[in-house]
Every structure is written in structure tokens, then in C-alpha cells.
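Engineer: Below is the file my_file34.cif, with mmCIF, C-alpha atoms.
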```cif
data_upload
#
loop_
_atom_site.label_atom_id
_atom_site.label_comp_id
_atom_site.auth_asym_id
_atom_site.auth_seq_id
_atom_site.Cartn_x
_atom_site.Cartn_y
_atom_site.Cartn_z
CA GLY A 1 22.09 9.61 11.54
CA GLU A 2 23.28 6.04 11.72
CA ASN A 3 24.92 4.88 8.54
CA VAL A 4 27.03 2.01 7.22
CA GLU A 5 28.98 2.52 4.03
CA GLN A 6 30.10 -0.54 2.09
CA HIS A 7 32.65 -0.82 -0.73
CA PRO A 8 32.98 -1.97 -3.42
CA SER A 9 29.49 -2.41 -4.82
CA THR A 10 30.73 -5.08 -7.23
CA LEU A 11 33.82 -7.26 -7.10
CA SER A 12 35.07 -9.84 -9.59
CA VAL A 13 37.91 -12.19 -8.68
CA GLN A 14 39.46 -15.25 -10.23
CA GLU A 15 38.79 -18.55 -8.53
CA GLY A 16 41.41 -19.13 -5.87
CA ASP A 17 42.13 -15.45 -5.32
CA SER A 18 41.17 -13.48 -2.21
CA ALA A 19 38.31 -11.01 -1.89
CA VAL A 20 38.05 -8.11 0.55
CA ILE A 21 34.94 -6.08 1.31
CA LYS A 22 35.13 -3.00 3.53
CA CYS A 23 32.57 -1.22 5.68
CA THR A 24 32.57 1.95 7.72
CA TYR A 25 30.01 2.72 10.42
CA SER A 26 29.05 6.05 11.92
CA ASP A 27 27.56 5.23 15.36
CA SER A 28 30.36 4.84 17.88
CA ALA A 29 27.95 2.95 20.17
CA SER A 30 27.76 0.04 17.69
CA ASN A 31 29.08 -3.12 19.28
CA TYR A 32 28.03 -5.98 16.99
CA PHE A 33 29.05 -6.40 13.35
CA PRO A 34 27.62 -9.32 11.34
CA TRP A 35 28.15 -10.23 7.71
CA TYR A 36 25.37 -11.78 5.65
CA LYS A 37 25.46 -13.63 2.34
CA GLN A 38 22.45 -13.50 0.06
CA GLU A 39 22.11 -15.94 -2.81
CA LEU A 40 19.70 -15.37 -5.65
CA GLY A 41 16.08 -15.78 -4.58
CA LYS A 42 16.92 -16.35 -0.95
CA GLY A 43 17.05 -14.36 2.23
CA PRO A 44 20.38 -13.23 3.69
CA GLN A 45 22.24 -15.75 5.83
CA LEU A 46 24.78 -15.00 8.53
CA ILE A 47 28.29 -16.13 7.62
CA ILE A 48 30.39 -14.55 10.36
CA ASP A 49 30.09 -11.88 13.03
CA ILE A 50 32.33 -9.99 15.42
CA ARG A 51 31.74 -8.08 18.62
CA SER A 52 33.44 -4.86 19.61
CA ASN A 53 35.68 -6.48 22.21
CA VAL A 54 37.40 -8.57 19.52
CA GLY A 55 39.73 -7.33 16.79
CA GLU A 56 39.67 -10.32 14.47
CA LYS A 57 37.73 -13.54 13.97
CA LYS A 58 38.31 -16.36 11.53
CA ASP A 59 36.22 -19.27 10.35
CA GLN A 60 37.96 -21.46 7.76
CA ARG A 61 38.29 -19.33 4.59
CA ILE A 62 36.42 -16.35 6.02
CA ALA A 63 37.76 -13.74 8.40
CA VAL A 64 36.53 -10.42 9.71
CA THR A 65 38.62 -7.62 11.18
CA LEU A 66 37.43 -4.67 13.25
CA ASN A 67 39.12 -1.33 13.86
CA LYS A 68 36.99 0.47 16.44
CA THR A 69 39.11 3.60 16.40
CA ALA A 70 38.61 4.08 12.69
CA LYS A 71 35.10 2.59 12.75
CA HIS A 72 36.07 0.18 9.99
CA PHE A 73 35.42 -3.51 9.61
CA SER A 74 36.26 -5.82 6.73
CA LEU A 75 35.40 -9.25 5.36
CA HIS A 76 38.19 -11.36 3.92
CA ILE A 77 37.51 -14.46 1.84
CA THR A 78 40.52 -16.53 0.84
CA GLU A 79 40.77 -19.22 -1.83
CA THR A 80 37.51 -18.11 -3.39
CA GLN A 81 35.27 -20.66 -5.06
CA PRO A 82 32.41 -20.25 -7.56
CA GLU A 83 29.89 -20.95 -4.79
CA ASP A 84 31.12 -17.82 -3.00
CA SER A 85 29.42 -15.80 -5.73
CA ALA A 86 26.58 -13.89 -4.04
CA VAL A 87 25.70 -10.51 -2.57
CA TYR A 88 27.36 -9.77 0.76
CA PHE A 89 26.01 -7.30 3.31
CA CYS A 90 27.76 -5.88 6.33
CA ALA A 91 25.73 -4.55 9.25
CA ALA A 92 26.15 -2.79 12.56
CA SER A 93 24.01 -2.97 15.66
CA THR A 94 23.97 -1.67 19.20
CA THR A 95 22.76 -3.61 22.22
CA GLY A 96 19.29 -2.49 23.22
CA THR A 97 18.31 -0.92 19.89
CA TYR A 98 16.98 -4.16 18.36
CA LYS A 99 17.82 -2.99 14.86
CA TYR A 100 20.60 -3.53 12.36
CA ILE A 101 21.96 -0.90 10.00
CA PHE A 102 22.98 -2.64 6.80
CA GLY A 103 25.42 -1.58 4.12
CA THR A 104 24.24 -1.39 0.52
CA GLY A 105 25.78 -4.72 -0.45
CA THR A 106 28.63 -6.06 -2.56
CA ARG A 107 27.98 -8.36 -5.48
CA LEU A 108 30.87 -10.81 -5.59
CA LYS A 109 31.54 -12.79 -8.75
CA VAL A 110 34.08 -15.57 -8.65
CA LEU A 111 35.24 -16.41 -12.15
CA ALA A 112 36.17 -20.02 -12.84
CA LYS B 113 13.53 -27.34 12.15
CA ALA B 114 11.42 -25.18 9.85
CA GLY B 115 12.80 -21.81 8.86
CA VAL B 116 11.12 -18.45 8.69
CA THR B 117 8.07 -18.57 6.46
CA GLN B 118 6.78 -15.53 4.62
CA THR B 119 3.53 -15.29 2.66
CA PRO B 120 2.73 -14.40 0.01
CA ARG B 121 6.01 -14.74 -1.89
CA TYR B 122 4.93 -12.51 -4.75
CA LEU B 123 2.16 -9.99 -5.13
CA ILE B 124 1.16 -7.19 -7.46
CA LYS B 125 -0.89 -4.23 -6.31
CA THR B 126 -1.88 -0.88 -7.76
CA ARG B 127 -1.26 2.54 -6.32
CA GLY B 128 -3.60 3.44 -3.48
CA GLN B 129 -4.28 -0.14 -2.45
CA GLN B 130 -3.12 -1.68 0.78
CA VAL B 131 -1.23 -4.90 1.43
CA THR B 132 -0.69 -7.24 4.36
CA LEU B 133 2.35 -9.50 4.57
CA SER B 134 2.71 -12.39 6.98
CA CYS B 135 5.68 -13.91 8.75
CA SER B 136 5.95 -17.09 10.82
CA PRO B 137 9.19 -17.18 12.81
CA ILE B 138 11.29 -20.17 13.70
CA SER B 139 9.72 -22.10 16.56
CA GLY B 140 10.94 -20.66 19.86
CA HIS B 141 12.00 -17.33 18.39
CA ARG B 142 10.11 -14.47 19.96
CA SER B 143 11.72 -11.53 18.19
CA VAL B 144 10.58 -10.64 14.68
CA SER B 145 12.06 -7.86 12.55
CA TRP B 146 11.05 -6.51 9.16
CA TYR B 147 13.34 -5.02 6.52
CA GLN B 148 12.72 -3.47 3.12
CA GLN B 149 15.23 -4.41 0.42
CA THR B 150 15.56 -2.32 -2.73
CA PRO B 151 18.35 -2.25 -5.35
CA GLY B 152 21.08 0.15 -4.33
CA GLN B 153 19.61 0.78 -0.87
CA GLY B 154 20.39 -2.48 0.79
CA LEU B 155 18.19 -3.49 3.70
CA GLN B 156 16.29 -0.77 5.50
CA PHE B 157 14.96 -1.47 9.00
CA LEU B 158 11.19 -1.17 9.35
CA PHE B 159 10.38 -2.41 12.87
CA GLU B 160 11.07 -5.05 15.49
CA TYR B 161 8.61 -6.87 17.74
CA PHE B 162 9.05 -8.96 20.85
CA SER B 163 6.20 -10.42 22.88
CA GLU B 164 3.65 -8.41 20.89
CA THR B 165 5.46 -5.13 21.65
CA GLN B 166 7.20 -2.94 19.11
CA ARG B 167 10.63 -2.21 20.52
CA ASN B 168 11.96 -0.06 17.70
CA LYS B 169 10.81 1.48 14.45
CA GLY B 170 12.73 2.68 11.43
CA ASN B 171 12.33 5.90 9.48
CA PHE B 172 9.33 4.98 7.39
CA PRO B 173 6.05 6.87 7.06
CA GLY B 174 3.03 5.92 9.12
CA ARG B 175 1.62 4.03 6.14
CA PHE B 176 3.88 1.20 7.25
CA SER B 177 2.66 -0.64 10.31
CA GLY B 178 3.04 -4.00 11.91
CA ARG B 179 1.95 -6.20 14.73
CA GLN B 180 2.86 -9.42 16.45
CA PHE B 181 0.53 -12.04 17.79
CA SER B 182 0.82 -14.12 20.95
CA ASN B 183 2.22 -17.05 18.95
CA SER B 184 5.03 -14.73 17.72
CA ARG B 185 3.69 -14.64 14.16
CA SER B 186 3.87 -11.16 12.70
CA GLU B 187 2.19 -9.15 10.01
CA MET B 188 3.10 -5.88 8.36
CA ASN B 189 0.71 -3.65 6.52
CA VAL B 190 1.31 -0.93 3.97
CA SER B 191 -1.61 1.36 3.22
CA THR B 192 -2.11 3.73 0.30
CA LEU B 193 0.59 2.06 -1.75
CA GLU B 194 3.01 4.16 -3.78
CA LEU B 195 5.21 3.11 -6.70
CA GLY B 196 8.26 3.50 -4.46
CA ASP B 197 6.97 0.81 -2.13
CA SER B 198 7.91 -1.83 -4.70
CA ALA B 199 10.53 -3.91 -2.93
CA LEU B 200 11.41 -7.22 -1.35
CA TYR B 201 10.12 -7.26 2.22
CA LEU B 202 12.17 -9.51 4.45
CA CYS B 203 11.17 -10.86 7.82
CA ALA B 204 13.75 -12.13 10.28
CA SER B 205 13.40 -13.92 13.57
CA SER B 206 15.86 -14.27 16.40
CA LEU B 207 16.16 -15.48 19.94
CA PRO B 208 15.41 -12.89 22.61
CA GLY B 209 18.29 -11.07 24.16
CA GLY B 210 20.01 -7.74 24.11
CA GLY B 211 19.15 -7.15 20.51
CA THR B 212 22.36 -8.40 18.95
CA GLY B 213 22.79 -11.85 17.55
CA GLU B 214 21.95 -13.85 14.47
CA LEU B 215 18.94 -12.90 12.40
CA PHE B 216 17.28 -15.75 10.53
CA PHE B 217 15.69 -14.37 7.39
CA GLY B 218 12.82 -15.69 5.35
CA GLU B 219 12.92 -15.65 1.56
CA GLY B 220 10.86 -12.48 1.45
CA SER B 221 7.67 -11.17 -0.08
CA ARG B 222 8.25 -9.38 -3.37
CA LEU B 223 5.78 -6.54 -3.78
CA THR B 224 5.27 -4.81 -7.10
CA VAL B 225 3.17 -1.65 -7.14
CA LEU B 226 1.81 -0.60 -10.54
#
```
Please lay out the structure from this file as C-alpha cells.
Structural biologist:
Amino acid sequence: GENVEQHPSTLSVQEGDSAVIKCTYSDSASNYFPWYKQELGKGPQLIIDIRSNVGEKKDQRIAVTLNKTAKHFSLHITETQPEDSAVYFCAASTTGTYKYIFGTGTRLKVLA
Amino acid sequence: KAGVTQTPRYLIKTRGQQVTLSCSPISGHRSVSWYQQTPGQGLQFLFEYFSETQRNKGNFPGRFSGRQFSNSRSEMNVSTLELGDSALYLCASSLPGGGTGELFFGEGSRLTVL
């Protein structure tokens, strides 16, 4: 069945360092890959997304890369700050299915 | 612009009872999705509604049901509650379209089943 694997489950980095979270999806028909950030007590919030016709997308300190052949996509956060500490979820979706398959989440801790 | 509103925020039920959760989407959003969030499992898709029609359903037993009203507000119901139903239930709204695009999540309804 459809599945998205996410690694690592927890990640601790020093403030100012980079963080990388990786996801692998199983459904080759997936064409939309968003990343969500969930802070304590809140619902997830979209931080960046990428569509299958694009290999890389960047927004200030955040970037996402997509390798369709390998069915891998990754989130890169540079110059991490304490406010980046949260749980991050990757997801995959296919046009017309109206559902998102989420990874199991990565708890990122940025140490000051 | 008001966000997605979910009620109640917290509730405690006992096994065998039923529960109804409510979701008011962002004004103008006609698609409403529901997800179950549990530790270690991430977010599991329950169902999606658009214009009062369920367009897709996840792999959950029939005890889980939902509906959408003409004003796009949605409810989900869980009957004959089990301990394993304890979770954060998240509602998300989005603009209509091909089914891909930003989901706007509410803060969730945390259900505890004793």
C-alpha cells in the first residue's frame, strides 16, 4: 500500500548548524510533496512544498529536494535557530486522490 | 481571517461510548479532511469531503464516519469507542482543486478513551 517513511525520528543540532530530514515514498504516482511543522499544542503548518516537475525549491533557510527516480525527498534547514525546534512531517499526495500520506514525523531540537 | 476551528478541544469518554467532533473550515474553503494523529504513527488519513460529498476514505473501520454540511462545516463520529481510538483528531481545510495544495489545520480535538 501507499507508504511514506521518514528518518530520523529525532534530531538534535547545535544552533547555527544545518538539519536534514529524509523521506521515501512508495507510490510512483505521487506528484506533490509538502512539509509541515507542528509546534506544541498546535496543528501542523505548511512550511514548504514541491511538485514532481521540480527537483529543488528554496525559501530563505529552508530547501526541499526531490529525486523522483529514487522516490526520495528531503528537507534542509540551514542556520538553525531555537524557534526551529518542532516536529516536522513530510507527506506525499497524488492529484485526484484528495488525501495525503504522512511520514511518522521528526522531532527536531535546536540546542542554544 | 479566522482559521480552522475544532470543537471540543479536549474530551474524555469511556469504552463503548460514541463521540462527535466538529470542524469549521476557513471561510471560502470547501474541502475538509480529517486525520488521526497518534505517537509514532504520524497522521493517518480518515476522510475528505467536498460539497457534502466524501471523495476519499482512509483505512479505518466503519465505526468512523463523517459528514459535511452545506456551509462546509464538517463533523466526524466515532461509535463504540475503543481504547485505541485515543488520539488527536485533526481537521484541515483547503481550497478546491485537484486535491493537492496547502492544508490548513485546526489545533485538533484530543480524545481520551478510558
Engineer: Within 7 Å of chain B, which residues belong to chain A? Use only C-alpha atoms and report them as an NGL selection string.
Structural biologist: :A and (32 or 41-46 or 93-100 or 102-105)
Engineer: Please write the residues picked by the PyMOL selection byres ((chain B and resi 138) around 7) on this file as a ChimeraX atom specification.
Structural biologist: /B:114-116,136-137,139-141,205
Engineer: Restrict the selected residues to C-alpha atoms and save them as a CSV table (one decimal), in the frame of the given file.
Structural biologist:
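Contents of the output file selection-v8.csv:
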```
chain,number,residue,atom,x,y,z
B,114,ALA,CA,11.4,-25.2,9.8
B,115,GLY,CA,12.8,-21.8,8.9
B,116,VAL,CA,11.1,-18.4,8.7
B,136,SER,CA,6.0,-17.1,10.8
B,137,PRO,CA,9.2,-17.2,12.8
B,139,SER,CA,9.7,-22.1,16.6
B,140,GLY,CA,10.9,-20.7,19.9
B,141,HIS,CA,12.0,-17.3,18.4
B,205,SER,CA,13.4,-13.9,13.6
```
Engineer: Would you mind reading off the distance between atom CA of A:Glu39 and atom CA of B:Arg185, one decimal, in Å?
Structural biologist: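 So the answer is 25.1 Å.
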Engineer: Given the PyMOL selection byres ((chain A and resi 77) around 6) and the file above, list the residues it selects as a count of residues only.
Structural biologist: 6
Engineer: Please provide as a compact mmCIF listing (two decimals) with C-alpha atoms, in the coordinates of the input all residues within 6 Å of A:Ser85, with the sequence filter that same-chain residues fewer than 3 positions apart are discarded (counting all atoms listed in the file).
Structural biologist:
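Saved result, result.txt, follows:
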```txt
# COMPACT_ATOMS: atom_id res chain seq x y z
CA PRO A 82 32.41 -20.25 -7.56
CA LEU A 108 30.87 -10.81 -5.59
CA LYS A 109 31.54 -12.79 -8.75
CA VAL A 110 34.08 -15.57 -8.65
```
Engineer: I'd like to see the residues matched by the PyMOL selection byres ((chain A and resi 112) around 9) on this file, and ideally I'd get them as a PDB file with C-alpha atoms, in the frame of the given file.
Structural biologist:
```pdb
ATOM      1  CA  GLN A  14      39.460 -15.250 -10.230  1.00  0.00           C
ATOM      2  CA  GLU A  15      38.790 -18.550  -8.530  1.00  0.00           C
ATOM      3  CA  GLY A  16      41.410 -19.130  -5.870  1.00  0.00           C
ATOM      4  CA  GLN A  81      35.270 -20.660  -5.060  1.00  0.00           C
ATOM      5  CA  PRO A  82      32.410 -20.250  -7.560  1.00  0.00           C
ATOM      6  CA  VAL A 110      34.080 -15.570  -8.650  1.00  0.00           C
ATOM      7  CA  LEU A 111      35.240 -16.410 -12.150  1.00  0.00           C
TER       8      LEU A 111
END
```
Engineer: For atom CA of B:Cys135 and atom CA of B:Ser221, determine how far apart the two atoms are, in Å to one decimal place.
Structural biologist: 9.5 Å
Engineer: May I have the residues within 12 Å of A:Leu75 as an NGL selection string, using all atoms listed in the file and disregarding those fewer than 4 positions away in the same chain?
Structural biologist: :A and (6-8 or 18-24 or 33-37 or 47-50 or 56-59 or 61-66 or 88-91 or 106 or 108)
Engineer: Find the smallest box with edges along x, y and z containing every listed atom of stretch 59-67 of chain A, then add 8 Å on each side and report centre and edge lengths in Å to one decimal, as lines of an AutoDock Vina configuration file.
Structural biologist:
```
center_x = 37.7
center_y = -11.4
center_z = 9.2
size_x = 18.9
size_y = 36.1
size_z = 25.3
```
Engineer: Of the candidates A:Ser30, A:Gln60, A:Ser74, A:Thr80, which one gets nearest to A:Asp17 if we count all atoms listed in the file?
Structural biologist: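 For A:Asp17, the nearest of the candidates is A:Thr80.
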